[in-house]
>>> print(open('protein06.txt').read())   # compact mmCIF, C-alpha atoms
# COMPACT_ATOMS: atom_id res chain seq x y z
CA MET A 1 49.10 0.64 96.80
CA SER A 2 49.88 4.35 96.75
CA SER A 3 49.91 4.67 100.54
CA ASN A 4 53.42 4.81 101.87
CA PRO A 5 53.89 2.94 105.15
CA ILE A 6 57.08 4.87 105.90
CA GLN A 7 56.39 8.24 107.49
CA VAL A 8 58.69 11.11 108.35
CA GLY A 9 59.69 10.78 112.01
CA GLN A 10 59.70 6.98 112.02
CA PRO A 11 62.88 4.95 112.49
CA ALA A 12 64.25 3.82 109.14
CA PRO A 13 63.85 0.06 108.60
CA ALA A 14 67.26 -1.51 109.11
CA PHE A 15 68.81 -3.50 106.27
CA THR A 16 71.99 -5.15 105.05
CA LEU A 17 72.47 -5.55 101.30
CA TYR A 18 75.35 -6.42 98.98
CA ASN A 19 76.89 -3.62 96.94
CA SER A 20 78.24 -3.85 93.40
CA GLU A 21 81.64 -4.82 94.85
CA LYS A 22 79.98 -7.82 96.57
CA GLU A 23 80.48 -6.32 100.05
CA GLN A 24 77.73 -6.07 102.65
CA VAL A 25 76.46 -2.58 103.48
CA SER A 26 74.32 -2.12 106.57
CA LEU A 27 72.23 0.95 107.35
CA ASN A 28 73.15 0.53 111.04
CA ASP A 29 76.84 0.93 110.16
CA LEU A 30 76.03 4.42 108.81
CA LYS A 31 74.61 5.81 112.08
CA GLY A 32 76.25 9.16 112.74
CA LYS A 33 75.94 10.07 109.06
CA ASN A 34 72.98 11.34 107.09
CA VAL A 35 71.91 8.87 104.42
CA LEU A 36 70.07 9.43 101.15
CA LEU A 37 68.41 6.25 99.89
CA LEU A 38 67.54 6.37 96.20
CA PHE A 39 65.45 3.40 95.10
CA PHE A 40 65.35 3.07 91.31
CA PRO A 41 63.49 0.64 89.05
CA GLN A 42 66.24 -0.72 86.83
CA ALA A 43 69.82 -0.07 85.77
CA PHE A 44 70.48 0.97 82.17
CA THR A 45 67.10 2.71 81.74
CA GLY A 46 66.78 6.35 80.72
CA THR A 47 65.22 8.00 83.76
CA CYS A 48 67.33 6.00 86.20
CA THR A 49 70.50 6.95 84.38
CA LYS A 50 69.46 10.62 84.31
CA GLU A 51 68.69 10.57 88.05
CA LEU A 52 71.83 8.72 89.14
CA CYS A 53 74.17 10.67 86.86
CA SER A 54 72.71 13.92 88.20
CA THR A 55 73.40 12.64 91.72
CA ARG A 56 76.94 11.70 90.63
CA ASP A 57 77.51 15.19 89.23
CA ASN A 58 76.22 16.81 92.42
CA ILE A 59 78.04 14.52 94.87
CA ALA A 60 79.75 17.55 96.46
CA LEU A 61 76.35 18.69 97.76
CA TYR A 62 75.88 15.38 99.56
CA ASN A 63 79.45 15.34 100.86
CA GLN A 64 78.95 18.84 102.31
CA ALA A 65 75.75 17.60 104.00
CA ASP A 66 77.70 14.69 105.55
CA ALA A 67 75.35 12.40 103.61
CA GLN A 68 76.06 8.95 102.24
CA VAL A 69 74.14 8.33 99.03
CA LEU A 70 73.00 4.74 98.40
CA GLY A 71 71.33 3.67 95.16
CA ILE A 72 69.09 0.60 95.57
CA SER A 73 67.42 -1.57 92.93
CA VAL A 74 66.33 -5.17 92.49
CA ASP A 75 69.07 -5.67 89.88
CA SER A 76 71.77 -8.25 90.65
CA VAL A 77 75.16 -7.19 92.03
CA PHE A 78 76.65 -8.14 88.64
CA THR A 79 74.31 -5.86 86.70
CA LEU A 80 74.88 -3.03 89.19
CA ALA A 81 78.67 -3.42 88.94
CA LYS A 82 78.55 -3.01 85.16
CA TYR A 83 76.12 -0.09 85.41
CA LYS A 84 78.21 1.70 88.04
CA GLU A 85 81.33 1.23 85.90
CA ASP A 86 79.62 2.39 82.69
CA GLN A 87 78.14 5.50 84.33
CA HIS A 88 81.20 6.27 86.53
CA LEU A 89 78.94 6.48 89.59
CA ASN A 90 80.72 7.69 92.73
CA PHE A 91 78.42 6.20 95.37
CA PRO A 92 77.43 2.63 96.25
CA LEU A 93 74.74 0.72 94.41
CA LEU A 94 73.02 -1.96 96.47
CA SER A 95 71.19 -5.04 95.21
CA ASP A 96 67.77 -5.63 96.76
CA PHE A 97 67.41 -8.73 94.60
CA ASN A 98 65.11 -10.42 97.12
CA LYS A 99 62.96 -7.25 97.32
CA ASN A 100 62.89 -7.20 101.14
CA VAL A 101 64.13 -3.63 101.54
CA SER A 102 61.96 -2.15 98.77
CA THR A 103 59.00 -3.88 100.42
CA ALA A 104 59.92 -2.58 103.89
CA TYR A 105 60.08 0.98 102.54
CA GLY A 106 56.79 0.69 100.60
CA ALA A 107 58.72 1.18 97.38
CA LEU A 108 57.81 -1.82 95.25
CA TYR A 109 55.62 -2.07 92.16
CA ASP A 110 53.27 -5.03 92.04
CA ASN A 111 53.30 -4.70 88.26
CA PHE A 112 55.89 -2.91 86.17
CA VAL A 113 56.39 -2.74 82.40
CA PHE A 114 56.59 -5.95 80.35
CA ASP A 115 54.70 -7.88 83.06
CA MET A 116 57.60 -7.62 85.50
CA HIS A 117 56.57 -8.03 89.13
CA GLY A 118 58.45 -6.67 92.12
CA VAL A 119 60.51 -3.80 90.74
CA SER A 120 61.55 -0.93 93.03
CA LYS A 121 59.54 2.27 92.70
CA ARG A 122 61.61 5.40 92.18
CA SER A 123 61.79 6.70 95.73
CA ALA A 124 63.91 8.89 97.94
CA PHE A 125 64.37 8.74 101.70
CA VAL A 126 66.60 10.91 103.87
CA VAL A 127 67.67 9.18 107.08
CA ASP A 128 69.25 11.35 109.76
CA LYS A 129 72.31 10.53 111.88
CA GLN A 130 70.11 8.84 114.50
CA GLY A 131 68.41 6.60 111.91
CA ILE A 132 65.13 8.55 111.69
CA ILE A 133 63.34 9.19 108.38
CA ARG A 134 63.39 12.94 107.67
CA TYR A 135 62.18 12.88 104.06
CA ALA A 136 60.10 10.29 102.23
CA GLU A 137 58.93 10.35 98.61
CA VAL A 138 57.62 7.34 96.69
CA LEU A 139 56.75 8.00 93.07
CA GLU A 140 54.07 6.05 91.22
CA LYS A 141 55.32 7.02 87.75
CA ALA A 142 58.75 5.63 86.92
CA THR A 143 59.43 8.56 84.58
CA ASP A 144 59.10 11.10 87.42
CA LEU A 145 62.16 12.21 89.38
CA PRO A 146 62.35 12.83 93.13
CA ASN A 147 62.17 16.43 94.30
CA PHE A 148 65.91 17.01 94.70
CA ASP A 149 65.38 20.62 95.85
CA ALA A 150 63.35 19.32 98.80
CA ILE A 151 65.97 16.62 99.46
CA HIS A 152 68.80 19.18 99.49
CA LYS A 153 66.74 21.46 101.76
CA THR A 154 66.13 18.58 104.20
CA LEU A 155 69.82 17.68 104.25
CA SER A 156 70.92 21.26 104.82
CA GLU A 157 68.44 21.62 107.70
CA LEU A 158 69.84 18.46 109.33
CA ASN A 159 73.26 20.06 109.53
CA ASN A 160 72.16 23.32 111.14
>>> encode(input="protein06.txt", output="structure tokens")
Amino acid sequence: MSSNPIQVGQPAPAFTLYNSEKEQVSLNDLKGKNVLLLFFPQAFTGTCTKELCSTRDNIALYNQADAQVLGISVDSVFTLAKYKEDQHLNFPLLSDFNKNVSTAYGALYDNFVFDMHGVSKRSAFVVDKQGIIRYAEVLEKATDLPNFDAIHKTLSELNN
């Protein structure tokens, strides 16, 4: 399961998901912008909150890189709305409740804690303005964080 089907240089799998405001967000609508996809296992958990709040606090870095950040989990839109409000997150959270997008990106646990099946693996993907994957990292351990230095480096290189 550790092999990641998504490789750098491949087109990013297209998707349309609902955000926490119950609006559809489509990757195709973001062409012409860099996109950082952050898959996370579950809202309201420690590592996820640390990761997403760090992203919130560094949003200027992503804005400077002309990058749209999207947080994606299998939580419902209702859970994500409460989480986004509680954490004052300043980027969209998308519900992959049916697990199609996590599956397409190779970012889904077969088995997670407490016998939960089909939870997003903590993962990061940078998609360039043409829709090509420029950075891909899928973590096996939910307590690990993506390499944000490498993500920032990738984004800065895309804008040079």
>>> closest_atom_pairs(input="protein06.txt", of="region 128-150 of chain A", to="region 117-123 of chain A", cutoff="10 Å", atoms="only C-alpha atoms", output="Markdown table")
| residue | atom | partner | partner_atom | distance |
| --- | --- | --- | --- | --- |
| A:Ala136 | CA | A:Ser123 | CA | 7.6 |
| A:Glu137 | CA | A:Ser123 | CA | 5.5 |
| A:Val138 | CA | A:Ser123 | CA | 4.3 |
| A:Leu139 | CA | A:Arg122 | CA | 5.6 |
| A:Glu140 | CA | A:Lys121 | CA | 6.8 |
| A:Lys141 | CA | A:Arg122 | CA | 7.9 |
| A:Ala142 | CA | A:Arg122 | CA | 6.0 |
| A:Thr143 | CA | A:Arg122 | CA | 8.5 |
| A:Asp144 | CA | A:Arg122 | CA | 7.8 |
| A:Leu145 | CA | A:Arg122 | CA | 7.4 |
| A:Pro146 | CA | A:Ser123 | CA | 6.7 |
| A:Asn147 | CA | A:Ser123 | CA | 9.8 |
>>> atom_distance(input="protein06.txt", atom1="CA of Ile133 (chain A)", atom2="CA of Ser20 (chain A)")
24.8 Å
>>> residues_around(input="protein06.txt", residues="Leu70 (chain A)", least_positions_apart="2", cutoff="8 Å", atoms="all atoms listed in the file", output="PyMOL selection string")
chain A and resi 35-38+68+72+91-94
>>> atom_distance(input="protein06.txt", atom1="CA of Val77 (chain A)", atom2="CA of Val25 (chain A)")
12.4 Å
>>> closest_atom_pairs(input="protein06.txt", of="region 29-99 of chain A", to="region 151-155 of chain A", cutoff="12 Å", atoms="only C-alpha atoms", output="Markdown table")
| residue | atom | partner | partner_atom | distance |
| --- | --- | --- | --- | --- |
| A:Lys33 | CA | A:Leu155 | CA | 10.9 |
| A:Asn34 | CA | A:Leu155 | CA | 7.6 |
| A:Val35 | CA | A:Leu155 | CA | 9.1 |
| A:Leu36 | CA | A:Ile151 | CA | 8.4 |
| A:Leu37 | CA | A:Ile151 | CA | 10.7 |
| A:Leu38 | CA | A:Ile151 | CA | 10.9 |
| A:Thr55 | CA | A:His152 | CA | 11.1 |
| A:Asn58 | CA | A:His152 | CA | 10.5 |
| A:Ile59 | CA | A:His152 | CA | 11.3 |
| A:Ala60 | CA | A:His152 | CA | 11.5 |
| A:Leu61 | CA | A:His152 | CA | 7.8 |
| A:Tyr62 | CA | A:Leu155 | CA | 8.0 |
| A:Asn63 | CA | A:Leu155 | CA | 10.5 |
| A:Gln64 | CA | A:Leu155 | CA | 9.4 |
| A:Ala65 | CA | A:Leu155 | CA | 5.9 |
| A:Asp66 | CA | A:Leu155 | CA | 8.5 |
| A:Ala67 | CA | A:Leu155 | CA | 7.7 |
| A:Gln68 | CA | A:Leu155 | CA | 10.9 |
| A:Val69 | CA | A:Leu155 | CA | 11.5 |
>>> closest_residue(input="protein06.txt", among="A:Asn111, A:Gln87, A:Gln130, A:Ser73", to="Tyr18 (chain A)", atoms="all atoms listed in the file")
A:Ser73
>>> atom_distance(input="protein06.txt", atom1="CA of Asp128 (chain A)", atom2="CA of Ala12 (chain A)")
9.1 Å
>>> residues_near_point(input="protein06.txt", point="(68.5, -3.6, 98.7)", cutoff="8 Å", atoms="all atoms listed in the file", output="VMD selection string")
chain A and resid 15 to 18 72 to 74 94 to 102
>>> write_last_selection(input="protein06.txt", atoms="C-alpha atoms", output="JSON list (two decimals), in the coordinates of the input")
[["chain", "number", "residue", "atom", "x", "y", "z"],
["A", 15, "PHE", "CA", 68.81, -3.50, 106.27],
["A", 16, "THR", "CA", 71.99, -5.15, 105.05],
["A", 17, "LEU", "CA", 72.47, -5.55, 101.30],
["A", 18, "TYR", "CA", 75.35, -6.42, 98.98],
["A", 72, "ILE", "CA", 69.09, 0.60, 95.57],
["A", 73, "SER", "CA", 67.42, -1.57, 92.93],
["A", 74, "VAL", "CA", 66.33, -5.17, 92.49],
["A", 94, "LEU", "CA", 73.02, -1.96, 96.47],
["A", 95, "SER", "CA", 71.19, -5.04, 95.21],
["A", 96, "ASP", "CA", 67.77, -5.63, 96.76],
["A", 97, "PHE", "CA", 67.41, -8.73, 94.60],
["A", 98, "ASN", "CA", 65.11, -10.42, 97.12],
["A", 99, "LYS", "CA", 62.96, -7.25, 97.32],
["A", 100, "ASN", "CA", 62.89, -7.20, 101.14],
["A", 101, "VAL", "CA", 64.13, -3.63, 101.54],
["A", 102, "SER", "CA", 61.96, -2.15, 98.77]]
>>> closest_residue(input="protein06.txt", among="A:Leu27, A:Ala14, A:Phe39, A:Ala104", to="Phe125 (chain A)", atoms="all atoms listed in the file")
A:Phe39
